[in-house]
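A.B. asks: My file is upload-v7.csv. It has CSV, C-alpha atoms:
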```
chain,number,residue,atom,x,y,z
A,1,MET,CA,100.4,297.6,194.8
A,2,SER,CA,104.0,297.4,193.7
A,3,GLN,CA,105.1,296.4,197.3
A,4,ARG,CA,102.9,293.3,197.1
A,5,ARG,CA,104.4,292.2,193.8
A,6,THR,CA,108.0,292.6,195.1
A,7,THR,CA,107.2,290.6,198.2
A,8,ALA,CA,105.6,287.9,196.1
A,9,ARG,CA,108.7,287.9,193.8
A,10,ARG,CA,111.0,287.6,196.8
A,11,ARG,CA,109.1,284.6,198.1
A,12,ARG,CA,109.3,282.9,194.7
A,13,ARG,CA,113.0,283.6,194.5
A,14,GLY,CA,113.5,282.1,198.0
A,15,GLN,CA,114.8,285.4,199.6
A,16,ASP,CA,114.2,286.0,203.3
A,17,SER,CA,112.0,288.9,204.2
A,18,SER,CA,113.5,291.7,206.4
A,19,VAL,CA,111.4,290.5,209.3
A,20,GLU,CA,113.0,287.1,209.2
A,21,LYS,CA,116.5,288.6,209.1
A,22,TRP,CA,115.8,290.5,212.3
A,23,LYS,CA,114.4,287.4,214.0
A,24,ASN,CA,117.7,285.6,213.3
A,25,LYS,CA,119.9,288.3,214.9
A,26,GLN,CA,121.3,288.2,218.4
A,27,TRP,CA,121.2,291.2,220.8
A,28,LEU,CA,124.5,291.8,222.6
A,29,ASP,CA,124.9,294.0,225.7
A,30,ILE,CA,127.8,296.5,225.2
A,31,LYS,CA,129.7,297.1,228.5
A,32,THR,CA,132.4,299.5,229.5
A,33,PRO,CA,135.8,298.3,230.7
A,34,GLU,CA,136.0,297.0,234.3
A,35,TYR,CA,138.0,300.0,235.4
A,36,ILE,CA,134.9,302.2,234.5
A,37,ASP,CA,132.5,300.2,236.7
A,38,ASP,CA,131.5,297.6,234.0
A,39,LYS,CA,128.3,299.5,233.1
A,40,VAL,CA,126.0,298.7,230.2
A,41,LEU,CA,126.2,301.3,227.4
A,42,GLY,CA,123.5,299.8,225.2
A,43,VAL,CA,122.7,296.9,223.0
A,44,THR,CA,123.5,296.0,219.4
A,45,PRO,CA,122.0,293.5,217.0
A,46,THR,CA,124.2,291.1,215.1
A,47,SER,CA,123.9,288.0,212.9
A,48,ASP,CA,127.6,287.2,213.2
A,49,VAL,CA,129.5,287.9,216.4
A,50,ASP,CA,132.8,288.7,214.6
A,51,ASP,CA,131.1,291.6,212.8
A,52,VAL,CA,130.6,293.4,216.1
A,53,ILE,CA,134.4,293.7,216.9
A,54,GLY,CA,135.7,297.1,215.9
A,55,ARG,CA,132.3,298.9,216.2
A,56,THR,CA,132.4,302.2,218.2
A,57,VAL,CA,129.9,303.5,220.7
A,58,LYS,CA,129.8,307.2,221.6
A,59,ILE,CA,128.2,308.4,224.8
A,60,SER,CA,128.2,311.4,227.1
A,61,LEU,CA,130.2,311.2,230.3
A,62,MET,CA,127.0,312.3,232.0
A,63,ASP,CA,125.4,309.0,231.2
A,64,LEU,CA,128.1,307.2,233.2
A,65,THR,CA,128.5,309.6,236.1
A,66,GLY,CA,124.9,311.0,236.4
A,67,SER,CA,126.4,314.5,236.9
A,68,PHE,CA,125.0,317.2,234.7
A,69,LYS,CA,128.4,319.0,234.7
A,70,ASP,CA,129.8,316.2,232.6
A,71,LEU,CA,127.4,316.8,229.8
A,72,ASN,CA,130.0,318.4,227.5
A,73,TYR,CA,132.4,315.5,227.5
A,74,HIS,CA,131.9,312.7,225.0
A,75,LEU,CA,133.6,309.3,225.3
A,76,THR,CA,134.1,306.8,222.5
A,77,PHE,CA,134.5,303.1,223.2
A,78,LYS,CA,135.5,300.4,220.7
A,79,ILE,CA,134.3,296.8,221.0
A,80,SER,CA,137.3,294.6,221.4
A,81,GLU,CA,135.9,291.2,222.2
A,82,VAL,CA,132.6,289.3,222.7
A,83,ALA,CA,132.0,286.8,225.5
A,84,GLY,CA,128.6,285.1,225.3
A,85,ARG,CA,126.0,287.9,225.0
A,86,VAL,CA,128.3,290.6,226.2
A,87,ALA,CA,130.4,292.8,224.0
A,88,LYS,CA,133.4,294.2,226.0
A,89,THR,CA,134.9,297.5,225.0
A,90,GLU,CA,138.1,299.5,225.3
A,91,PHE,CA,138.4,303.2,225.9
A,92,HIS,CA,139.1,304.8,222.5
A,93,GLN,CA,138.8,308.6,222.7
A,94,GLN,CA,137.4,311.5,224.7
A,95,GLU,CA,136.4,314.9,223.3
A,96,LEU,CA,134.6,318.1,224.2
A,97,SER,CA,131.3,318.7,222.5
A,98,ARG,CA,131.3,321.1,219.5
A,99,ASP,CA,128.7,323.3,221.2
A,100,PHE,CA,130.9,323.7,224.3
A,101,ARG,CA,134.0,324.5,222.3
A,102,ARG,CA,132.1,327.0,220.2
A,103,SER,CA,130.7,328.7,223.3
A,104,GLN,CA,134.2,329.3,224.6
A,105,ILE,CA,135.3,331.1,221.5
A,106,ARG,CA,133.8,334.6,221.4
A,107,ASN,CA,134.4,337.7,219.3
A,108,HIS,CA,137.8,339.4,219.6
A,109,ARG,CA,139.5,336.2,220.9
A,110,SER,CA,141.8,333.7,219.3
A,111,GLN,CA,141.9,329.9,219.4
A,112,VAL,CA,145.2,328.1,219.4
A,113,GLU,CA,145.2,324.4,218.5
A,114,GLY,CA,148.0,322.0,218.9
A,115,ILE,CA,148.0,318.4,217.7
A,116,PHE,CA,150.7,316.1,219.2
A,117,ASN,CA,151.5,312.5,218.4
A,118,ILE,CA,153.0,310.6,221.3
A,119,LYS,CA,154.7,307.1,221.3
A,120,LEU,CA,154.6,305.5,224.7
A,121,GLU,CA,157.0,303.0,226.3
A,122,ASP,CA,154.7,300.1,225.5
A,123,GLU,CA,154.9,301.0,221.7
A,124,SER,CA,151.3,302.3,221.7
A,125,LYS,CA,150.6,305.6,220.0
A,126,ILE,CA,148.2,308.3,221.1
A,127,ARG,CA,147.2,311.6,219.6
A,128,ILE,CA,146.5,314.6,221.9
A,129,LYS,CA,144.6,317.6,220.5
A,130,MET,CA,144.8,320.6,222.8
A,131,PHE,CA,143.2,324.0,222.3
A,132,VAL,CA,143.6,327.3,224.2
A,133,VAL,CA,141.3,330.3,224.0
A,134,THR,CA,142.9,333.7,224.6
A,135,PRO,CA,141.2,336.7,226.1
A,136,MET,CA,142.1,338.9,223.1
A,137,ARG,CA,143.3,338.5,219.6
A,138,ILE,CA,146.9,337.4,219.2
A,139,HIS,CA,149.4,337.3,216.3
A,140,THR,CA,150.5,334.2,214.5
A,141,THR,CA,154.0,334.3,216.1
A,142,THR,CA,152.4,334.4,219.5
A,143,LYS,CA,150.3,331.3,218.6
A,144,LYS,CA,153.5,329.5,217.6
A,145,GLU,CA,155.1,330.4,221.0
A,146,MET,CA,152.0,329.1,222.8
A,147,ARG,CA,152.1,325.8,220.8
A,148,ALA,CA,155.7,325.4,222.0
A,149,VAL,CA,154.6,326.0,225.6
A,150,MET,CA,151.8,323.5,225.2
A,151,HIS,CA,154.3,320.9,223.8
A,152,LYS,CA,156.6,321.5,226.8
A,153,LYS,CA,153.8,321.2,229.4
A,154,LEU,CA,152.6,318.0,227.7
A,155,GLU,CA,156.1,316.5,227.9
A,156,GLU,CA,156.2,317.4,231.6
A,157,VAL,CA,152.8,315.8,232.2
A,158,ILE,CA,153.6,312.6,230.4
A,159,ASP,CA,157.1,312.6,231.7
A,160,ARG,CA,158.4,311.5,228.3
A,161,LYS,CA,160.7,313.2,225.9
A,162,SER,CA,159.8,311.1,222.8
A,163,VAL,CA,157.0,313.3,221.5
A,164,VAL,CA,156.9,312.6,217.7
```
In structure tokens, write the structure found in this file.
C.D. replies:
Amino acid sequence: MSQRRTTARRRRRGQDSSVEKWKNKQWLDIKTPEYIDDKVLGVTPTSDVDDVIGRTVKISLMDLTGSFKDLNYHLTFKISEVAGRVAKTEFHQQELSRDFRRSQIRNHRSQVEGIFNIKLEDESKIRIKMFVVTPMRIHTTTKKEMRAVMHKKLEEVIDRKSVV
């Protein structure tokens, strides 16, 4: 009974019902970047195209490759521009699923995490989070030494010495 009254009040006030709001929305296809085969990730509703820019979409790598072994990797894409009814994305981040990480850490083992901020030549910044699981428990000093080795290997891989 109260729902009828509120609907009638809305009509008297001139407010649109929620059904009319959905009818006025556009549905945009969200696509991966061209270097990732330009696949459709999904669709998103919007009433204003500018509101879509900056939204993020998180999917499993398995959805892109079709391979079950990629189930534990999650990719995040950020919408960067809209062209017609297509929202184009940029790669934003990759991470391992929490379930997979937890399955790697068992009793009587240690986990060593390292967070490294890197500034590249084109002035872009990235953050790399690494983790290592040891076969047995280790002391804090050993963890510090392992972080130093992780930092050194990361510099070798990136071939940069400007790790912040």
A.B. asks: Separation of CA of Leu64 (chain A) and CA of Lys125 (chain A), in Å?
C.D. replies: 26.1 Å
A.B. asks: Would you compute the distance between CA of Asp29 (chain A) and CA of Phe77 (chain A)? Give it in Å to one decimal.
C.D. replies: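 So the answer is 13.5 Å.
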A.B. asks: Tell me which of A:Gly84, A:Arg106, A:Thr76, A:Val157 sits closest to Trp27 (chain A), counting all atoms listed in the file.
C.D. replies: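 For Trp27 (chain A), the nearest of the candidates is A:Gly84.
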A.B. asks: Measuring atom to atom with only C-alpha atoms, identify which of A:Gly66, A:Val112, A:Pro45, A:Pro33 is nearest to Ser80 (chain A).
C.D. replies: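 When distances to Ser80 (chain A) are compared using only C-alpha atoms, the smallest one comes from A:Pro33.
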A.B. asks: For each of A:Thr140, A:Ser67, A:Thr56, A:Asn117, take the minimum atom-to-atom distance to Ala87 (chain A), counting only C-alpha atoms, then give the residue where this is smallest.
C.D. replies: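 The closest residue to Ala87 (chain A) is A:Thr56.
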A.B. asks: Please report, as JSON lines, each residue of region 43-116 of chain A lying at most 12 Å from region 143-150 of chain A, together with the nearest pair of atoms and the separation in Å rounded to one decimal; use all atoms listed in the file, and order rows by chain and ascending residue number.
C.D. replies:
```
{"residue": "A:Ser110", "atom": "CA", "partner": "A:Lys143", "partner_atom": "CA", "distance": 8.9}
{"residue": "A:Gln111", "atom": "CA", "partner": "A:Lys143", "partner_atom": "CA", "distance": 8.6}
{"residue": "A:Val112", "atom": "CA", "partner": "A:Lys143", "partner_atom": "CA", "distance": 6.1}
{"residue": "A:Glu113", "atom": "CA", "partner": "A:Arg147", "partner_atom": "CA", "distance": 7.4}
{"residue": "A:Gly114", "atom": "CA", "partner": "A:Arg147", "partner_atom": "CA", "distance": 5.9}
{"residue": "A:Ile115", "atom": "CA", "partner": "A:Arg147", "partner_atom": "CA", "distance": 9.0}
{"residue": "A:Phe116", "atom": "CA", "partner": "A:Met150", "partner_atom": "CA", "distance": 9.6}
```
A.B. asks: Select, from A:Lys25, A:Ile158, A:Ile128, A:Lys39, the residue with the minimum atom-to-atom distance to Lys88 (chain A), counting all atoms listed in the file.
C.D. replies: A:Lys39
A.B. asks: Write out as a PDB file with C-alpha atoms, in the frame of the given file the residues lying within 12 Å of Phe91 (chain A), counting only C-alpha atoms and excluding same-chain residues fewer than 4 positions away.
C.D. replies:
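Writing done, so here's result_14.pdb:
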```pdb
ATOM      1  CA  LYS A  31     129.700 297.100 228.500  1.00  0.00           C
ATOM      2  CA  THR A  32     132.400 299.500 229.500  1.00  0.00           C
ATOM      3  CA  PRO A  33     135.800 298.300 230.700  1.00  0.00           C
ATOM      4  CA  GLU A  34     136.000 297.000 234.300  1.00  0.00           C
ATOM      5  CA  TYR A  35     138.000 300.000 235.400  1.00  0.00           C
ATOM      6  CA  ILE A  36     134.900 302.200 234.500  1.00  0.00           C
ATOM      7  CA  THR A  56     132.400 302.200 218.200  1.00  0.00           C
ATOM      8  CA  VAL A  57     129.900 303.500 220.700  1.00  0.00           C
ATOM      9  CA  LYS A  58     129.800 307.200 221.600  1.00  0.00           C
ATOM     10  CA  ILE A  59     128.200 308.400 224.800  1.00  0.00           C
ATOM     11  CA  HIS A  74     131.900 312.700 225.000  1.00  0.00           C
ATOM     12  CA  LEU A  75     133.600 309.300 225.300  1.00  0.00           C
ATOM     13  CA  THR A  76     134.100 306.800 222.500  1.00  0.00           C
ATOM     14  CA  PHE A  77     134.500 303.100 223.200  1.00  0.00           C
ATOM     15  CA  LYS A  78     135.500 300.400 220.700  1.00  0.00           C
ATOM     16  CA  ILE A  79     134.300 296.800 221.000  1.00  0.00           C
ATOM     17  CA  SER A  80     137.300 294.600 221.400  1.00  0.00           C
TER      18      SER A  80
END
```
A.B. asks: Find the residue from A:Glu123, A:Ile53, A:His139, A:Phe68 that sits nearest to Glu90 (chain A); use only C-alpha atoms when measuring.
C.D. replies: A:Ile53
A.B. asks: Measuring atom to atom with all atoms listed in the file, identify which of A:Lys23, A:Phe131, A:Thr44, A:Arg55 is nearest to Thr89 (chain A).
C.D. replies: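 Closest to Thr89 (chain A), using all atoms listed in the file: A:Arg55.
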A.B. asks: Could you work out how far CA of Ser97 (chain A) lies from CA of Pro135 (chain A), giving the answer in Å with one decimal?
C.D. replies: 20.9 Å
A.B. asks: Can I get region 26-41 of chain A with N, CA and C atoms filled in, as a PDB file, in the coordinates of the input?
C.D. replies:
```pdb
ATOM      1  N   GLN A  26     121.105 288.221 216.993  1.00  0.00           N
ATOM      2  CA  GLN A  26     121.300 288.200 218.400  1.00  0.00           C
ATOM      3  C   GLN A  26     121.445 289.635 218.926  1.00  0.00           C
ATOM      4  N   TRP A  27     121.045 289.876 220.151  1.00  0.00           N
ATOM      5  CA  TRP A  27     121.200 291.200 220.800  1.00  0.00           C
ATOM      6  C   TRP A  27     122.292 291.078 221.819  1.00  0.00           C
ATOM      7  N   LEU A  28     123.355 291.868 221.669  1.00  0.00           N
ATOM      8  CA  LEU A  28     124.500 291.800 222.600  1.00  0.00           C
ATOM      9  C   LEU A  28     124.478 293.081 223.469  1.00  0.00           C
ATOM     10  N   ASP A  29     124.752 292.904 224.770  1.00  0.00           N
ATOM     11  CA  ASP A  29     124.900 294.000 225.700  1.00  0.00           C
ATOM     12  C   ASP A  29     126.338 294.590 225.479  1.00  0.00           C
ATOM     13  N   ILE A  30     126.452 295.893 225.341  1.00  0.00           N
ATOM     14  CA  ILE A  30     127.800 296.500 225.200  1.00  0.00           C
ATOM     15  C   ILE A  30     128.112 297.108 226.579  1.00  0.00           C
ATOM     16  N   LYS A  31     129.265 296.679 227.117  1.00  0.00           N
ATOM     17  CA  LYS A  31     129.700 297.100 228.500  1.00  0.00           C
ATOM     18  C   LYS A  31     130.977 297.872 228.420  1.00  0.00           C
ATOM     19  N   THR A  32     131.119 298.791 229.383  1.00  0.00           N
ATOM     20  CA  THR A  32     132.400 299.500 229.500  1.00  0.00           C
ATOM     21  C   THR A  32     133.438 298.637 230.115  1.00  0.00           C
ATOM     22  N   PRO A  33     134.701 299.051 230.046  1.00  0.00           N
ATOM     23  CA  PRO A  33     135.800 298.300 230.700  1.00  0.00           C
ATOM     24  C   PRO A  33     135.548 298.169 232.190  1.00  0.00           C
ATOM     25  N   GLU A  34     136.193 297.203 232.815  1.00  0.00           N
ATOM     26  CA  GLU A  34     136.000 297.000 234.300  1.00  0.00           C
ATOM     27  C   GLU A  34     136.457 298.176 235.086  1.00  0.00           C
ATOM     28  N   TYR A  35     137.480 298.899 234.632  1.00  0.00           N
ATOM     29  CA  TYR A  35     138.000 300.000 235.400  1.00  0.00           C
ATOM     30  C   TYR A  35     136.998 301.231 235.330  1.00  0.00           C
ATOM     31  N   ILE A  36     135.945 301.126 234.515  1.00  0.00           N
ATOM     32  CA  ILE A  36     134.900 302.200 234.500  1.00  0.00           C
ATOM     33  C   ILE A  36     133.586 301.521 234.942  1.00  0.00           C
ATOM     34  N   ASP A  37     133.653 300.751 235.981  1.00  0.00           N
ATOM     35  CA  ASP A  37     132.500 300.200 236.700  1.00  0.00           C
ATOM     36  C   ASP A  37     131.694 299.152 235.896  1.00  0.00           C
ATOM     37  N   ASP A  38     132.153 298.713 234.732  1.00  0.00           N
ATOM     38  CA  ASP A  38     131.500 297.600 234.000  1.00  0.00           C
ATOM     39  C   ASP A  38     130.019 297.910 233.755  1.00  0.00           C
ATOM     40  N   LYS A  39     129.692 299.127 233.323  1.00  0.00           N
ATOM     41  CA  LYS A  39     128.300 299.500 233.100  1.00  0.00           C
ATOM     42  C   LYS A  39     127.866 299.167 231.674  1.00  0.00           C
ATOM     43  N   VAL A  40     126.559 298.984 231.488  1.00  0.00           N
ATOM     44  CA  VAL A  40     126.000 298.700 230.200  1.00  0.00           C
ATOM     45  C   VAL A  40     125.795 299.993 229.413  1.00  0.00           C
ATOM     46  N   LEU A  41     126.391 300.080 228.222  1.00  0.00           N
ATOM     47  CA  LEU A  41     126.200 301.300 227.400  1.00  0.00           C
ATOM     48  C   LEU A  41     125.020 301.196 226.499  1.00  0.00           C
TER      49      LEU A  41
END
```
